[in-house]
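Take a look at the structure below.
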Amino acid sequence: MICVKNLKKSFESSQGTIDVLNDITTNVDKGEKIAIIGPSGAGKSVFLRCLNGLEKPTSGEVFFNGQCITEPGCDMNIIRRQIGMVFQQFNLFPHLTIRQNITLVPTTLKLKSKDEANEIAESLLKRVGLLNKADSYPAQLSGGQKQRVAIVRAMAMNPKVMLFDEPTSALDPEMVGEVLSVMKDLANDGMTMLVVTHEMSFAKEVATRVLFMEKGKIISDDIPEHLFNKSDNARVREFLSKIL
Amino acid sequence: MKKLVNSLLFTLLLTLLFNVVEQNLIKAEDKKQINVATNAEFGPFEYKDGNDIVGIDIDIAKYIVDKMGADINIIDISFDALILELKNHTCDFAIAAMSKNDEKENSVDFSDPYFIAKQDVILPIDSEIKSPGELNGKRIGVHLGTTGDSYCTNNFKDSEIHRYKNGAEAVMDLVNGRLDAVVIDDLPARMLIEKNNRSVKKMDGHLFKEEYRIVVPKGEIELLYRINTILTEMKSTGKIDEIVEKYTKESSKSNNSLINQIYNNLIYKERYMGIVQGLITTLKITVVALIIGLILGVATALIKVSKDNNLLMKFLNIIANTYLSVIKGTPMVVQLFVIYYLILGSSGLDKILVAMISFGINSGAYVSDIIRAGILSVDVGQTEAGRSLGLNSRQTMMKIVFPQALKNSMPTLCNEFINLLKETSVAGFIGIMDLSKAGEVIRSQTYEPLVPLLSVAIIYFSITQSVVWLMSLLERRLRKSDMR
Ligand SMILES: Nc1ncnc2c1ncn2[C@@H]1O[C@H](COP(=O)(O)OP(=O)(O)OP(=O)(O)O)[C@@H](O)[C@H]1O
Ligand SMILES: [Mg+2]
């Protein structure tokens, strides 16, 4: 479904160019749930953002359902509708109610009528237990509730893939569970997911594959049982021993 | 009595005008209507009484125009602008207690004198000063841009010269001890002394004399000849004396209790109507200018934050940057003059409309900065969320970033509205009767600055406070989405 070939990304800074992604090649098949772990600064976020074009790769190619989305002529706006993204900081629209947050894009892009969009919003909100908050503003919600709304907002576009960038890192510990359970729900429904996370429990229980990134490279691509118990890679073992 | 001080602005405008404005000369005689320019701020020669422009000069002008068999149309503009109007041929002649000097002779022609004015010296009641010679080194108040001004500047080299737009204000400062003497024409001097007879007196004799003349565009020999003929007749028949008599007798009560001043400045002859109309004009100009400013400001802000890099955007960016730096780099008054005289000089647009446009253009630059700061204050995560859902950059801006930016900018925009309201007080420079000018006009009629000044101040203050109050209400409503 997603095919990444020799992806490279570097940033210009005052100290010269820094290579953030160093020749990444990988495939994501339909229905896979991929956890991406690794130390801070490894390039996990940048990698994820290259997949929906929020970041422009320096070189290399990304294919989405066979279409090359890194070539100049590609209309990213159409592609992005099919790739949902959930951010660490939720990024709900504070000036709109929860309902409007969810229906804004489908109606603006004329993908759905107002009523249709509303119906979808309500059924999704009901699924995550937040229907009673439909007419509240984001500032009136807790962190966990906000993140659940953010997931619903992405889901309302009916995406084929969902990207999560540390969706629980900004949450108080007691709210992590409610968000993870929504994500598990999605996973059980067969959604293709890429999740950058520090929640090893999620990686263990839900992921079908775990990518370990360091210094812009994928240094381990493994199934969770193997990775967490008897990884061949010394760096992975060292990293895991520190955080587990 | 009035003479132009060599102001930088004036010279600039004059030179520019000379090169830019080319209009065909239309002979006054061919017209049914004759346009006469004046500056109705110098009673008893020319001043506003309610809505009418009256005074000695005005009656003389009416008589002359009547003799020519035409209708008079009086144009009231700032004194500085009179010569410009003549050069522009937007008026046929000007009458505004003007006297001859070399500087002006180069650009306009003068009639025979119709009145000889004497400059008098007003002193505090207990002053020891007896003769003009003693004035050197003293603090002297004069009427800005008048012959009294230049006479004192040239002759009393050791003196501090304080220049006022209005004789009554100079006398107020004299009474308050900020000045040692006030030099002004004998007719206004007589009234000012009458009003303040307990605290000021006149110095014996006159400081000097001068001759008032009508001013016509350069080379209008025929018109000048006709004016001179009529003036000669008026002098010989005693018509001029009669007119002068009429305006100097209509003097005032010298009781200046506060109640009396309020009556005199606001109620007598329905003078408050001038203030009411001035207020309406000020509000009209401010509101329309704000709307123009918002449109321009939002447009330039959006151009400046746009990340599109095509040729059109680059071009628009250059225009936006030039606009912003020119407007923020020059004073409002200069912009108003340039737009009124040069850019829209020959358009024939209504003054008030020109003011709305000018203030709107000015305000737009500041609104632009406010909106831009508002846009930049919105977290990039908002844009990323919008884009990641499939909105394009324009939709993201309009639906997500801009509404938040506008909300963030509301308090600063409200300040800009207040600034704009106060800024419009310079509209009087192109002869608009706004609130400030209305107060000035009453001051020049009553020679009592206290009540008109306070009334105007109170009105400005009440409006700005209401805006602040409305804003806090609005902000409370807007903040609804931020509350838990
Ligand atoms: N816009 C940018 N300009 C310059 N450097 C950047 C930019 N975005 C990211 N980087 C750099 O790229 C490197 C990788 O960043 P990235 O955010 O992908 O790390 P990460 O693996 O997500 O780390 P974390 O776990 O802390 O989120 C970092 O060194 C960061 O400083
Ligand atoms: Mg990151």
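Going by the structure tokens order, chains are called A, B, ..., each with residues numbered from 1, while ligands are numbered from 1 in the order shown.
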Give the helix (DSSP H, G or I) residues of segment 79-166 of chain A, as assigned by DSSP on the backbone, as a count of residues only.
-> 47
Could I get the residue neighbourhood of ligand 2 at 10 Å, counting only C-alpha atoms and all ligand atoms, as a list in words?
-> Gly38, Pro39, Ser40, Gly41, Ala42, Gly43, Lys44, Ser45, Val46, Phe47, Leu48, Arg49, Phe87, Gln88, Asp165, Glu166, Ser169, Val196 and Thr197 of chain A
Between A:Asp232, A:Glu71, A:Glu214, A:Asp115, which is the closest to ligand 1 once you count only C-alpha atoms and all ligand atoms?
->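 Ranked by minimum distance to ligand 1, first place goes to A:Glu214.
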Got a sec: who's within 7 Å of segment 167-171 of chain B, counting only C-alpha atoms, leaving out chain neighbours fewer than 4 positions off, as a list in words?
-> Gly141, Val142, His143, Val175, Val182, Leu192, Tyr447, Glu448 and Pro449 of chain B
Among listed residues A:Ser113, A:Thr107, A:Thr208, A:Asn91, nearest chain B (using only C-alpha atoms) =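 Residue with the minimum atom-to-atom distance to chain B: A:Asn91.
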Only residues of chain A matter here; which ones have an atom within 10 Å of chain B, counting only C-alpha atoms? Give them as a CSV table (one decimal) with C-alpha atoms, in the first residue's frame.
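Dumped everything to out-v7.csv:
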```csv
chain,number,residue,atom,x,y,z
A,49,ARG,CA,5.5,13.4,7.8
A,52,ASN,CA,1.8,12.5,3.7
A,53,GLY,CA,3.9,15.2,2.2
A,54,LEU,CA,4.0,17.5,5.2
A,75,ASP,CA,-1.8,16.5,-6.2
A,76,MET,CA,-1.1,16.0,-2.5
A,77,ASN,CA,-4.4,17.4,-1.4
A,78,ILE,CA,-6.2,14.4,-2.9
A,79,ILE,CA,-3.7,11.9,-1.5
A,80,ARG,CA,-3.9,13.4,2.0
A,81,ARG,CA,-7.7,12.8,2.2
A,82,GLN,CA,-6.8,9.1,2.2
A,83,ILE,CA,-4.1,9.3,4.8
A,84,GLY,CA,-5.3,10.3,8.3
A,85,MET,CA,-2.8,11.8,10.7
A,86,VAL,CA,-3.0,12.2,14.5
A,87,PHE,CA,-0.6,14.6,16.2
A,88,GLN,CA,1.0,14.6,19.6
A,89,GLN,CA,-0.5,18.0,20.4
A,90,PHE,CA,-4.0,17.0,19.1
A,91,ASN,CA,-4.2,20.2,16.9
A,92,LEU,CA,-7.9,20.5,17.2
A,93,PHE,CA,-9.3,23.7,15.8
A,94,PRO,CA,-10.0,25.8,19.0
A,95,HIS,CA,-12.4,28.2,17.3
A,96,LEU,CA,-14.8,25.4,16.2
A,97,THR,CA,-17.0,23.0,18.2
A,101,ASN,CA,-14.0,20.2,13.9
A,104,LEU,CA,-15.3,21.1,8.5
A,105,VAL,CA,-13.1,19.3,6.0
A,106,PRO,CA,-15.7,16.9,4.5
A,108,THR,CA,-15.5,22.3,2.7
A,109,LEU,CA,-14.2,19.8,0.2
A,136,SER,CA,-18.4,21.7,23.3
A,137,TYR,CA,-15.3,23.5,22.3
A,138,PRO,CA,-11.9,21.8,22.4
A,139,ALA,CA,-10.8,23.9,25.4
A,140,GLN,CA,-13.6,22.3,27.4
A,141,LEU,CA,-12.2,18.8,26.9
A,142,SER,CA,-9.5,16.8,28.7
A,150,ALA,CA,-8.6,14.1,16.8
A,153,ARG,CA,-11.7,13.8,12.9
A,154,ALA,CA,-9.2,11.9,10.8
A,155,MET,CA,-11.5,8.9,10.6
A,156,ALA,CA,-14.3,11.0,9.3
A,157,MET,CA,-12.4,11.4,6.0
A,159,PRO,CA,-8.8,7.2,5.2
```
Ile442 of chain B surroundings by only C-alpha atoms, 12 Å radius, close-in-sequence under 6 positions cut, as an NGL selection string | :B and (40-43 or 47-51 or 166 or 168 or 261-262 or 264-275 or 278 or 433 or 435-436 or 448-456)
Skip segment 147-156 of chain B itself and residues of its chain fewer than 3 positions away, then list as an NGL selection string all residues within 10 Å of it, counting only C-alpha atoms.
-> :B and (1-6 or 98-101 or 118-121 or 132-144 or 159-164 or 182-185 or 207-210)
